[in-house]
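S.K.: The structure file run18.txt (compact mmCIF, C-alpha atoms) is provided below.
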# COMPACT_ATOMS: atom_id res chain seq x y z
CA MET A 1 38.53 -39.31 32.36
CA LYS A 2 35.27 -37.94 33.73
CA ASN A 3 36.29 -34.38 32.80
CA ILE A 4 37.18 -35.52 29.30
CA VAL A 5 33.73 -37.09 28.85
CA ILE A 6 31.99 -33.98 30.17
CA SER A 7 34.03 -31.76 27.86
CA PHE A 8 33.20 -34.02 24.92
CA LEU A 9 29.49 -33.93 25.71
CA LEU A 10 29.56 -30.15 26.04
CA LEU A 11 31.34 -29.90 22.69
CA VAL A 12 28.76 -32.16 21.04
CA HIS A 13 25.92 -30.16 22.59
CA SER A 14 27.44 -26.84 21.47
CA SER A 15 27.91 -28.20 17.96
CA PHE A 16 24.26 -29.32 17.90
CA LEU A 17 23.06 -25.88 19.01
CA LEU A 18 25.25 -24.22 16.38
CA ALA A 19 23.88 -26.58 13.75
CA GLN A 20 20.32 -25.46 14.55
CA ALA A 21 21.29 -21.78 14.41
CA GLU A 22 22.92 -22.35 11.04
CA LEU A 23 19.59 -23.61 9.72
CA LEU A 24 18.18 -20.09 10.07
CA GLN A 25 17.95 -18.37 6.68
CA SER A 26 16.25 -15.09 7.60
CA GLY A 27 14.16 -13.54 10.32
CA PRO A 28 12.54 -13.84 12.67
CA MET A 29 10.22 -11.09 11.45
CA LEU A 30 7.12 -9.54 12.95
CA GLY A 31 4.00 -9.39 10.81
CA TYR A 32 0.72 -7.78 11.75
CA SER A 33 -0.21 -6.97 15.33
CA ASP A 34 -3.71 -6.78 16.73
CA MET A 35 -5.15 -6.85 20.24
CA LYS A 36 -5.46 -10.63 20.56
CA GLU A 37 -2.86 -12.03 18.18
CA VAL A 38 0.45 -11.29 16.47
CA LEU A 39 1.99 -12.96 13.43
CA LEU A 40 5.59 -14.22 13.72
CA TRP A 41 7.58 -15.22 10.60
CA VAL A 42 10.80 -17.14 9.98
CA GLN A 43 12.59 -18.86 7.11
CA THR A 44 14.96 -21.83 7.40
CA LYS A 45 17.53 -23.16 4.95
CA ALA A 46 16.12 -26.69 4.91
CA GLN A 47 13.23 -28.59 6.40
CA ALA A 48 13.14 -27.97 10.13
CA LYS A 49 10.74 -27.96 13.05
CA VAL A 50 10.12 -24.40 14.27
CA LYS A 51 8.14 -22.62 16.95
CA PHE A 52 8.24 -19.42 18.99
CA GLU A 53 8.08 -19.09 22.75
CA TYR A 54 7.00 -15.74 24.17
CA TRP A 55 6.17 -14.02 27.46
CA GLU A 56 5.05 -10.61 28.66
CA LYS A 57 8.06 -8.38 29.12
CA GLY A 58 9.25 -8.55 32.71
CA LYS A 59 7.28 -11.73 33.41
CA PRO A 60 9.42 -14.60 32.06
CA GLU A 61 7.98 -17.00 34.60
CA THR A 62 4.81 -17.35 32.47
CA LYS A 63 5.68 -18.49 28.96
CA PHE A 64 3.47 -19.29 26.01
CA SER A 65 4.20 -21.09 22.76
CA THR A 66 2.99 -20.95 19.20
CA GLU A 67 2.12 -24.06 17.26
CA GLU A 68 5.20 -26.07 16.22
CA ILE A 69 5.40 -26.89 12.51
CA TYR A 70 7.83 -28.19 9.91
CA THR A 71 9.03 -25.84 7.19
CA ALA A 72 8.91 -27.28 3.66
CA LYS A 73 10.60 -26.70 0.32
CA GLN A 74 7.31 -26.13 -1.51
CA THR A 75 6.72 -23.04 0.66
CA ALA A 76 10.32 -21.75 0.59
CA PHE A 77 10.94 -23.16 4.09
CA VAL A 78 8.84 -20.30 5.48
CA ALA A 79 6.82 -20.56 8.68
CA LYS A 80 4.09 -18.10 9.68
CA LEU A 81 2.99 -18.70 13.26
CA ILE A 82 0.44 -16.94 15.46
CA ALA A 83 1.03 -15.77 19.02
CA ASP A 84 -2.54 -15.95 20.30
CA LYS A 85 -2.08 -15.99 24.07
CA VAL A 86 -1.64 -12.23 24.24
CA GLU A 87 -3.57 -9.32 25.71
CA PRO A 88 -4.11 -5.78 24.35
CA GLY A 89 -1.52 -3.09 24.96
CA ARG A 90 1.30 -5.34 26.15
CA ARG A 91 4.91 -5.83 25.13
CA TYR A 92 6.34 -9.31 24.79
CA GLU A 93 9.75 -10.88 24.43
CA TYR A 94 10.15 -14.02 22.32
CA VAL A 95 12.64 -16.66 21.24
CA LEU A 96 12.87 -18.90 18.19
CA TYR A 97 13.29 -22.65 18.45
CA ILE A 98 14.60 -24.75 15.56
CA ASN A 99 14.42 -28.50 16.00
CA GLY A 100 13.73 -28.01 19.68
CA GLN A 101 16.78 -25.81 20.33
CA LYS A 102 16.73 -22.12 21.21
CA VAL A 103 18.33 -19.92 18.54
CA GLU A 104 19.98 -16.86 20.05
CA ARG A 105 20.04 -13.58 18.14
CA PRO A 106 22.46 -10.68 18.84
CA TYR A 107 19.64 -8.11 19.00
CA PRO A 108 16.33 -7.77 20.85
CA LEU A 109 13.38 -10.00 19.94
CA GLU A 110 10.27 -8.13 21.04
CA PHE A 111 6.74 -7.53 19.78
CA GLN A 112 3.71 -5.60 20.95
CA THR A 113 -0.05 -5.83 20.82
CA GLN A 114 -2.26 -2.89 20.01
CA PRO A 115 -3.97 -1.22 22.98
CA LEU A 116 -7.70 -1.23 23.63
CA TRP A 117 -8.10 2.54 23.72
CA GLN A 118 -11.53 3.04 22.14
CA TRP A 119 -14.09 4.54 24.55
CA ARG A 120 -11.37 4.65 27.22
CA THR A 121 -8.49 6.99 26.40
CA ASP A 122 -7.09 9.18 23.66
CA PRO A 123 -5.60 7.26 20.70
CA PRO A 124 -2.06 6.03 21.33
CA ASP A 125 0.94 7.92 20.01
CA PHE A 126 2.94 5.76 17.59
CA THR A 127 5.30 5.85 14.62
CA ILE A 128 5.29 4.24 11.18
CA ALA A 129 8.50 3.86 9.15
CA VAL A 130 7.92 4.18 5.41
CA GLY A 131 10.08 3.31 2.41
CA SER A 132 10.17 1.73 -1.03
CA CYS A 133 12.59 0.49 -3.68
CA TYR A 134 14.90 -1.96 -1.94
CA TYR A 135 17.49 -3.47 -4.27
CA ALA A 136 19.91 -6.10 -2.95
CA ASN A 137 22.83 -6.72 -5.30
CA GLU A 138 23.60 -10.24 -6.51
CA GLU A 139 26.43 -9.90 -9.00
CA GLN A 140 25.86 -13.01 -11.09
CA TYR A 141 22.26 -11.96 -11.84
CA ASP A 142 22.62 -8.16 -11.93
CA ARG A 143 23.09 -6.18 -15.11
CA PRO A 144 26.73 -5.39 -15.97
CA GLY A 145 28.24 -2.18 -14.71
CA ARG A 146 27.94 -0.22 -11.51
CA PRO A 147 25.90 -2.07 -8.82
CA TYR A 148 22.33 -0.76 -8.60
CA GLY A 149 21.95 -1.28 -4.85
CA SER A 150 23.91 0.45 -2.09
CA ASN A 151 23.81 1.97 1.40
CA TYR A 152 22.27 -1.05 3.13
CA GLU A 153 23.09 0.63 6.44
CA ILE A 154 19.83 2.54 5.99
CA PHE A 155 18.05 -0.41 7.62
CA ARG A 156 20.12 0.02 10.78
CA ALA A 157 19.19 3.72 10.74
CA ILE A 158 15.49 2.83 10.51
CA HIS A 159 15.86 0.31 13.34
CA ALA A 160 17.57 2.94 15.49
CA LYS A 161 14.37 5.04 15.33
CA ARG A 162 12.46 2.12 16.91
CA PRO A 163 9.28 2.54 14.84
CA ASP A 164 6.20 0.62 15.97
CA LEU A 165 5.56 -0.61 12.44
CA MET A 166 6.95 -0.27 8.95
CA LEU A 167 4.94 0.11 5.74
CA TRP A 168 6.81 -1.07 2.64
CA LEU A 169 5.47 0.76 -0.41
CA GLY A 170 6.46 -1.59 -3.21
CA ASP A 171 9.54 -2.65 -5.15
CA ASN A 172 10.45 -4.36 -1.89
CA ILE A 173 12.50 -6.77 -4.00
CA TYR A 174 13.66 -6.53 -7.62
CA LEU A 175 12.84 -9.60 -9.67
CA ARG A 176 15.38 -10.08 -12.47
CA GLU A 177 15.30 -11.86 -15.83
CA PRO A 178 16.23 -15.27 -14.31
CA ASP A 179 13.42 -14.90 -11.75
CA TRP A 180 10.16 -13.89 -13.47
CA ASN A 181 9.16 -17.12 -15.14
CA THR A 182 9.77 -19.75 -12.48
CA ARG A 183 8.71 -20.42 -8.92
CA GLU A 184 12.31 -21.29 -8.07
CA GLY A 185 13.54 -17.95 -9.39
CA ILE A 186 10.88 -15.93 -7.57
CA PHE A 187 11.48 -17.73 -4.26
CA HIS A 188 15.23 -17.26 -4.70
CA ARG A 189 14.86 -13.52 -5.17
CA TYR A 190 12.66 -13.11 -2.10
CA THR A 191 15.03 -15.27 -0.04
CA HIS A 192 18.10 -13.35 -1.14
CA ALA A 193 16.61 -9.92 -0.37
CA ARG A 194 15.13 -11.01 2.95
CA SER A 195 18.47 -12.45 4.14
CA LEU A 196 20.44 -9.18 4.10
CA PRO A 197 22.32 -9.00 7.45
CA GLU A 198 21.66 -5.27 7.92
CA LEU A 199 17.93 -5.92 7.70
CA GLN A 200 17.60 -8.57 10.42
CA PRO A 201 17.38 -6.39 13.59
CA LEU A 202 14.66 -4.26 11.98
CA LEU A 203 12.66 -7.35 11.02
CA ALA A 204 12.81 -8.72 14.55
CA SER A 205 11.26 -5.89 16.58
CA THR A 206 9.15 -3.77 14.20
CA HIS A 207 5.82 -4.97 12.80
CA HIS A 208 5.83 -5.06 8.98
CA TYR A 209 3.09 -4.43 6.41
CA ALA A 210 3.57 -4.22 2.63
CA ILE A 211 2.16 -3.56 -0.81
CA TRP A 212 3.87 -4.32 -4.09
CA ASP A 213 4.77 -2.49 -7.30
CA ASP A 214 6.09 -3.74 -10.62
CA HIS A 215 9.44 -5.19 -9.50
CA ASP A 216 7.98 -7.49 -6.85
CA TYR A 217 4.99 -8.24 -9.09
CA GLY A 218 6.81 -9.14 -12.31
CA PRO A 219 8.77 -7.51 -15.15
CA ASN A 220 9.34 -3.76 -15.26
CA ASP A 221 6.15 -1.66 -15.60
CA HIS A 222 4.03 -4.78 -15.95
CA ASN A 223 0.26 -5.20 -15.81
CA ARG A 224 -2.67 -7.65 -15.58
CA SER A 225 -1.32 -9.68 -18.52
CA PHE A 226 1.67 -11.09 -16.59
CA TRP A 227 1.19 -14.81 -16.97
CA ASN A 228 2.99 -15.77 -13.75
CA LYS A 229 1.27 -13.33 -11.40
CA GLU A 230 -0.31 -16.11 -9.34
CA THR A 231 3.17 -17.30 -8.40
CA THR A 232 4.42 -13.84 -7.45
CA LEU A 233 1.22 -13.42 -5.45
CA GLU A 234 1.93 -16.69 -3.66
CA ALA A 235 5.45 -15.50 -2.84
CA PHE A 236 4.22 -12.12 -1.61
CA LYS A 237 1.77 -13.82 0.74
CA LEU A 238 4.48 -16.18 2.00
CA PHE A 239 7.08 -13.51 2.68
CA TRP A 240 4.88 -10.80 4.17
CA GLY A 241 2.58 -10.80 7.17
CA ASN A 242 -0.37 -8.56 6.31
CA PRO A 243 -3.69 -9.30 8.04
CA ALA A 244 -5.27 -10.33 4.71
CA TYR A 245 -4.70 -10.41 0.95
CA GLY A 246 -7.59 -9.70 -1.37
CA VAL A 247 -10.89 -8.37 -0.06
CA ALA A 248 -14.53 -8.42 -1.14
CA GLY A 249 -13.89 -11.08 -3.76
CA LEU A 250 -10.83 -9.30 -5.18
CA ASN A 251 -7.72 -11.22 -6.13
CA GLY A 252 -4.29 -9.68 -5.60
CA ILE A 253 -2.84 -8.07 -2.49
CA THR A 254 -5.57 -5.53 -1.65
CA GLY A 255 -6.17 -5.20 2.08
CA VAL A 256 -6.69 -3.02 5.13
CA ALA A 257 -4.63 -2.64 8.28
CA GLN A 258 -5.31 -0.46 11.30
CA TRP A 259 -3.10 0.92 14.04
CA GLY A 260 -4.61 3.22 16.62
CA ASP A 261 -6.77 5.81 14.89
CA VAL A 262 -5.01 5.32 11.53
CA GLU A 263 -6.33 3.02 8.82
CA MET A 264 -4.06 1.90 5.99
CA PHE A 265 -5.73 0.97 2.69
CA LEU A 266 -3.24 -1.33 0.94
CA LEU A 267 -3.90 -1.14 -2.79
CA ASP A 268 -2.84 -3.38 -5.67
CA ASN A 269 -1.76 -1.29 -8.65
CA ARG A 270 -0.67 -4.22 -10.83
CA TYR A 271 -2.99 -7.23 -10.73
CA ASN A 272 -5.88 -5.52 -12.60
CA ARG A 273 -3.91 -2.83 -14.43
CA THR A 274 -4.50 -2.17 -18.13
CA PRO A 275 -1.38 -2.56 -20.29
CA ASN A 276 0.17 0.83 -21.04
CA GLU A 277 0.26 -0.13 -24.71
CA ARG A 278 -3.52 -0.59 -25.10
CA LYS A 279 -5.04 1.98 -27.48
CA THR A 280 -8.75 1.13 -27.56
CA GLU A 281 -9.66 0.81 -23.88
CA THR A 282 -9.87 3.40 -21.13
CA ARG A 283 -6.93 2.52 -18.95
CA THR A 284 -7.21 1.60 -15.30
CA ILE A 285 -4.71 1.08 -12.50
CA LEU A 286 -7.08 -0.27 -9.86
CA GLY A 287 -9.75 -1.99 -11.90
CA GLU A 288 -13.45 -1.32 -11.37
CA ALA A 289 -14.00 -3.75 -8.49
CA GLN A 290 -11.05 -2.45 -6.49
CA PHE A 291 -12.01 1.17 -7.20
CA ARG A 292 -15.55 0.64 -5.89
CA TRP A 293 -14.25 -1.23 -2.86
CA LEU A 294 -11.82 1.58 -2.05
CA ILE A 295 -14.49 4.28 -2.09
CA ASP A 296 -16.82 2.09 -0.03
CA ALA A 297 -14.05 1.39 2.50
CA LEU A 298 -12.96 5.02 2.75
CA ALA A 299 -16.53 6.20 3.19
CA SER A 300 -17.11 3.60 5.92
CA SER A 301 -13.90 4.31 7.81
CA LYS A 302 -13.97 6.15 11.13
CA ALA A 303 -10.19 6.59 11.22
CA THR A 304 -8.73 10.03 11.90
CA PHE A 305 -6.11 9.54 9.18
CA LYS A 306 -6.84 7.35 6.15
CA LEU A 307 -3.55 6.39 4.47
CA VAL A 308 -4.11 5.19 0.90
CA ALA A 309 -0.97 3.21 0.07
CA ILE A 310 -0.29 2.52 -3.61
CA GLY A 311 2.82 1.68 -5.61
CA GLY A 312 2.93 4.78 -7.85
CA GLN A 313 2.38 8.51 -7.45
CA VAL A 314 -1.19 9.77 -7.43
CA LEU A 315 -1.09 13.58 -7.44
CA ASN A 316 2.05 14.39 -9.45
CA THR A 317 0.91 16.54 -12.39
CA VAL A 318 3.65 15.35 -14.75
CA ALA A 319 2.44 12.84 -17.35
CA ARG A 320 5.68 10.87 -17.41
CA TYR A 321 6.91 7.48 -16.25
CA GLU A 322 4.29 5.66 -14.18
CA THR A 323 2.47 8.54 -12.53
CA TYR A 324 -1.32 8.25 -12.35
CA GLU A 325 -1.47 11.31 -14.62
CA ASN A 326 0.43 9.43 -17.31
CA ILE A 327 -1.11 5.98 -17.01
CA ALA A 328 -4.80 6.53 -16.17
CA PRO A 329 -5.69 10.24 -15.94
CA GLU A 330 -9.43 9.60 -16.23
CA GLU A 331 -9.37 7.20 -13.29
CA LYS A 332 -7.26 9.63 -11.28
CA ALA A 333 -9.82 12.40 -11.85
CA ARG A 334 -12.64 10.02 -10.96
CA LEU A 335 -10.86 9.00 -7.73
CA ILE A 336 -10.37 12.58 -6.58
CA LYS A 337 -13.95 13.45 -7.52
CA ALA A 338 -15.32 10.46 -5.57
CA ILE A 339 -13.39 11.45 -2.43
CA THR A 340 -14.73 14.99 -2.82
CA ASP A 341 -18.34 14.07 -3.63
CA GLU A 342 -18.54 11.50 -0.81
CA ASP A 343 -17.08 14.10 1.59
CA ILE A 344 -14.49 11.61 2.88
CA LYS A 345 -12.28 13.19 5.53
CA GLY A 346 -8.66 12.56 6.47
CA VAL A 347 -7.33 11.03 3.22
CA ILE A 348 -3.59 11.07 2.54
CA PHE A 349 -2.00 9.22 -0.39
CA ILE A 350 1.32 7.50 0.31
CA ASP A 351 3.46 5.86 -2.35
CA GLY A 352 6.93 5.04 -3.68
CA ASP A 353 8.30 3.89 -7.08
CA ARG A 354 9.88 7.10 -8.35
CA HIS A 355 13.37 6.89 -6.78
CA HIS A 356 12.96 10.29 -5.21
CA THR A 357 10.94 11.68 -2.31
CA GLU A 358 8.53 14.60 -2.36
CA LEU A 359 5.30 15.86 -0.83
CA SER A 360 2.52 16.99 -3.18
CA LYS A 361 -0.49 19.06 -2.14
CA LEU A 362 -3.72 19.52 -4.10
CA ASP A 363 -5.91 22.38 -2.91
CA ARG A 364 -9.62 21.75 -3.51
CA SER A 365 -12.31 24.38 -3.53
CA GLY A 366 -14.64 24.17 -0.54
CA THR A 367 -12.86 21.32 1.21
CA TYR A 368 -9.51 20.25 2.60
CA PRO A 369 -6.34 19.74 0.52
CA LEU A 370 -5.22 16.28 -0.53
CA TYR A 371 -1.62 15.31 0.22
CA ASP A 372 0.51 12.72 -1.55
CA LEU A 373 3.72 11.63 0.20
CA THR A 374 6.19 9.82 -2.04
CA VAL A 375 9.08 8.07 -0.27
CA SER A 376 11.82 6.45 -2.38
CA PRO A 377 14.39 4.88 -2.66
CA LEU A 378 15.75 2.80 0.22
CA THR A 379 18.76 1.23 -1.54
CA SER A 380 18.10 1.23 -5.29
CA GLY A 381 19.34 3.80 -7.81
CA VAL A 382 18.49 7.45 -7.14
CA SER A 383 16.72 9.73 -9.64
CA VAL A 384 19.22 12.58 -9.43
CA ASN A 385 17.32 14.71 -11.99
CA ALA A 386 13.96 14.51 -10.22
CA ALA A 387 14.22 18.09 -9.00
CA LYS A 388 13.91 19.23 -12.63
CA GLU A 389 10.54 17.50 -12.97
CA GLU A 390 7.86 20.18 -12.95
CA ASN A 391 5.32 18.72 -10.56
CA ALA A 392 3.03 21.71 -10.07
CA LEU A 393 1.78 20.37 -6.73
CA ARG A 394 5.15 19.76 -5.07
CA VAL A 395 5.47 21.37 -1.66
CA PRO A 396 8.61 23.55 -1.84
CA GLY A 397 11.62 22.12 -0.06
CA THR A 398 10.45 18.50 -0.03
CA ILE A 399 12.32 17.01 -3.02
CA VAL A 400 14.95 14.48 -1.94
CA THR A 401 17.37 12.77 -4.33
CA GLU A 402 19.33 10.42 -2.09
CA HIS A 403 18.61 7.21 -0.24
CA ASN A 404 16.03 8.01 2.43
CA PHE A 405 13.10 6.87 4.54
CA ALA A 406 10.24 8.49 6.40
CA ILE A 407 8.98 8.29 9.95
CA LEU A 408 5.32 9.21 10.37
CA LYS A 409 4.50 10.13 13.96
CA PHE A 410 0.85 10.26 15.04
CA SER A 411 0.35 12.05 18.33
CA GLY A 412 -1.93 14.22 20.43
CA LYS A 413 -5.29 14.05 22.08
CA GLN A 414 -8.24 12.63 20.16
CA LYS A 415 -9.53 15.97 18.90
CA GLU A 416 -6.03 17.39 18.40
CA ARG A 417 -4.23 14.65 16.46
CA VAL A 418 -1.15 15.60 14.46
CA LEU A 419 0.81 13.76 11.80
CA THR A 420 4.49 14.71 11.82
CA ILE A 421 6.37 13.61 8.68
CA THR A 422 10.15 13.44 8.98
CA ILE A 423 12.40 12.39 6.11
CA TYR A 424 15.79 10.94 7.08
CA ASN A 425 18.87 10.11 5.03
CA LYS A 426 20.64 6.75 5.05
CA ASP A 427 22.44 7.64 8.29
CA GLY A 428 19.27 8.64 10.12
CA ASN A 429 19.87 12.39 9.91
CA THR A 430 16.88 14.67 9.35
CA ILE A 431 16.39 16.11 5.86
CA TRP A 432 13.00 17.79 6.37
CA THR A 433 9.97 17.77 8.66
CA ARG A 434 6.34 18.79 8.09
CA GLU A 435 3.24 18.70 10.30
CA ILE A 436 -0.32 17.99 9.12
CA LYS A 437 -3.03 18.47 11.71
CA ALA A 438 -6.08 16.23 11.56
CA SER A 439 -8.19 19.38 11.79
CA GLU A 440 -6.71 20.48 8.44
CA LEU A 441 -8.14 17.35 6.77
CA GLN A 442 -11.76 18.00 7.71
How does the structure come out when it is put into structure tokens?

M.R.:
Amino acid sequence: MKNIVISFLLLVHSSFLLAQAELLQSGPMLGYSDMKEVLLWVQTKAQAKVKFEYWEKGKPETKFSTEEIYTAKQTAFVAKLIADKVEPGRRYEYVLYINGQKVERPYPLEFQTQPLWQWRTDPPDFTIAVGSCYYANEEQYDRPGRPYGSNYEIFRAIHAKRPDLMLWLGDNIYLREPDWNTREGIFHRYTHARSLPELQPLLASTHHYAIWDDHDYGPNDHNRSFWNKETTLEAFKLFWGNPAYGVAGLNGITGVAQWGDVEMFLLDNRYNRTPNERKTETRTILGEAQFRWLIDALASSKATFKLVAIGGQVLNTVARYETYENIAPEEKARLIKAITDEDIKGVIFIDGDRHHTELSKLDRSGTYPLYDLTVSPLTSGVSVNAAKEENALRVPGTIVTEHNFAILKFSGKQKERVLTITIYNKDGNTIWTREIKASELQ
């Protein structure tokens, strides 16, 4: 009889643990990392009490805990919690608790803090994964015909590279017609895309930063007139873990993130954008306030490499689709002139949107060349005819018309830093590699 009771209690306990695990919708995911705190993210399926417990790797005897909070329907059952008992340059393991019960995951749960290297050592070597245009099929809401999304295994290939962080360059979800106009629709689309099984291991051990483009902002090719942009902004803030959203009085997603000696300028190319159809106003992508902030921030930055991340291509010379040349050529010229006149070193543009990958290079008289790395798509449809597009600045051999991602490796001593760009296919096999030395950007 005693054994029967024990077996029953064990069965009840196991069922309770399973019930808590089944409340997990997506994540956990790592957001930003700094020297003294790290953001941890999770989404549940219903209201639940959640927290994270963490400890320095190899030292499980000393555990710390985040705040414990309840997830709520009005915020998509999302929890964003801060690990603030951390020290610079350490690696930590962590576990998720739902309703007081540990939720096991079949892959590592680890995060890291950035090292305190300034005035002490050379900058750390590290890698950034880069990609854009992630479409997750959902048949009942997709357009008829061949599914637009495919090759989800690309996320396992990215995870296998073990990048320190990932920078998502927009179209990180694809809002559809049932989604744009309601909070319920927008939250549903984010939840559906974030819950992809192939994505979960990558979320759990790589720190994630993001910008948006039209498909995670609103309808296709949309602009400042989108009436529901405050709701898509709310969703973006809920589902991503950037250090900040909106700077210097700017609305939208504009922000800055730093890792080592690299600074990432996260631009918003939608919130203040002039409608393409306007005929009587000089068109802008950034808006005047964001433009002035960007030049101020670039001029003030001491970073070796200054990555300017924006949803659409900057340097492509073809005035077609949503290139800067097509949408706001005067602002593009003004941007390049400002970087030149202010003698700002180390600038590299990085963007997505176009459903192909390529590297563009603009030689400038009397100063260093500007590069523009476009990386697209992760899983959405591929622009198979992109190679025919006559971008006069394309670096030969860099056009890619298949699902792909980039790994940016920053390495070397402080005065000898090198950026190595490697483009990989969906299986993690190398397509091409290029090196850009920091000394070339001076």

S.K.: Excluding Asn316 of chain A and its own-chain neighbours fewer than 5 positions away, which residues fall within 7 Å of it when counting only C-alpha atoms? Please give them as a PDB file with C-alpha atoms, in the coordinates of the input.

M.R.:
ATOM      1  CA  THR A 323       2.470   8.540 -12.530  1.00  0.00           C
ATOM      2  CA  GLU A 325      -1.470  11.310 -14.620  1.00  0.00           C
ATOM      3  CA  SER A 360       2.520  16.990  -3.180  1.00  0.00           C
ATOM      4  CA  ASN A 391       5.320  18.720 -10.560  1.00  0.00           C
ATOM      5  CA  LEU A 393       1.780  20.370  -6.730  1.00  0.00           C
TER       6      LEU A 393
END

S.K.: Would you list the contacts of Pro28 of chain A as a PyMOL selection string, taking every protein, DNA or RNA residue within 7 Å and counting only C-alpha atoms, but skipping same-chain residues closer than 2 positions in sequence?

M.R.: chain A and resi 26+30+41-42+203-204

S.K.: Would you list the contacts of Ala338 of chain A as number ranges by chain, taking every protein, DNA or RNA residue within 12 Å and counting only C-alpha atoms, but skipping same-chain residues closer than 2 positions in sequence?

M.R.: A: 291-292, 294-296, 298-299, 331-336, 340-345, 347

S.K.: Please determine, counting all atoms listed in the file, which residue among A:Ser300, A:Gln43, A:Thr317, A:Thr66 has the shortest atom-to-atom distance to Arg394 of chain A.

M.R.: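 Smallest separation from Arg394 of chain A among the options: A:Thr317.
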
S.K.: Using all atoms listed in the file, can you tell me which of A:Lys361, A:Ala303, A:Tyr141, A:Lys426 comes closest to Glu177 of chain A?

M.R.: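 Among the listed residues, A:Tyr141 lies closest to Glu177 of chain A.
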
S.K.: Of the residues A:Asp353, A:Glu234, A:Glu263, A:Glu22, which is the one nearest to Asn172 of chain A, using only C-alpha atoms?

M.R.: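 Of A:Asp353, A:Glu234, A:Glu263, A:Glu22, the one nearest Asn172 of chain A, counting only C-alpha atoms, is A:Asp353.
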
S.K.: For Glu67 of chain A, find every residue with an atom within 10 Å (counting all atoms listed in the file), except residues of its own chain fewer than 5 positions away, and show them as an MDAnalysis selection string.

M.R.: chainID A and resid 50:53 80:84

S.K.: I'd like the contact shell of Gly428 of chain A - 10 Å cut-off, all atoms listed in the file, skipping same-chain residues fewer than 2 positions apart - returned as a PyMOL selection string.

M.R.: chain A and resi 153-161+404-406+423-426+430-431

S.K.: With all atoms listed in the file as the basis for distance, which of A:Phe305, A:Ala328, A:Val130, A:Leu378 is at the shortest distance from Glu281 of chain A?

M.R.: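 Going through A:Phe305, A:Ala328, A:Val130, A:Leu378 one by one, the smallest distance to Glu281 of chain A is for A:Ala328.
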
S.K.: May I ask which of the residues A:Lys306, A:Lys63, A:Lys73, A:Arg143 is the closest one to Gln47 of chain A, counting all atoms listed in the file?

M.R.: A:Lys73

S.K.: So how many Å separate atom CA of His222 of chain A and atom CA of Asn272 of chain A, to one decimal?

M.R.: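 Distance reported for this atom pair: 10.5 Å.
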
S.K.: Edge lengths and centre in Å to one decimal, as JSON, of the axis-aligned box that encloses all listed atoms of segment 347-362 of chain A with 4 Å added on every side?

M.R.:
{"center_x": 3.0, "center_y": 11.7, "center_z": -2.6, "size_x": 28.7, "size_y": 23.6, "size_z": 19.6}

S.K.: For atom CA of Ser383 of chain A and atom CA of Asn220 of chain A, quote the distance in Å rounded to one decimal.

M.R.: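 Answer for the atom CA of Ser383 of chain A to atom CA of Asn220 of chain A separation: 16.4 Å.
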
S.K.: What does the distance between atom CA of Phe239 of chain A and atom CA of Leu96 of chain A come to in Å, to one decimal place?

M.R.: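 Atom-to-atom, atom CA of Phe239 of chain A and atom CA of Leu96 of chain A are spaced 17.4 Å apart.
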
S.K.: Can you write out as CSV which residues of segment 189-237 of chain A fall within 12 Å of segment 273-279 of chain A, alongside each residue's closest atom pair and its distance in Å to one decimal, counting only C-alpha atoms and ordering rows by chain and ascending residue number?

M.R.:
residue,atom,partner,partner_atom,distance
A:Asp213,CA,A:Arg273,CA,11.2
A:Asp214,CA,A:Arg273,CA,10.7
A:Tyr217,CA,A:Arg273,CA,11.7
A:Asn220,CA,A:Asn276,CA,11.8
A:Asp221,CA,A:Asn276,CA,8.5
A:His222,CA,A:Pro275,CA,7.3
A:Asn223,CA,A:Arg273,CA,5.0
A:Arg224,CA,A:Arg273,CA,5.1
A:Ser225,CA,A:Pro275,CA,7.3
A:Phe226,CA,A:Pro275,CA,9.8
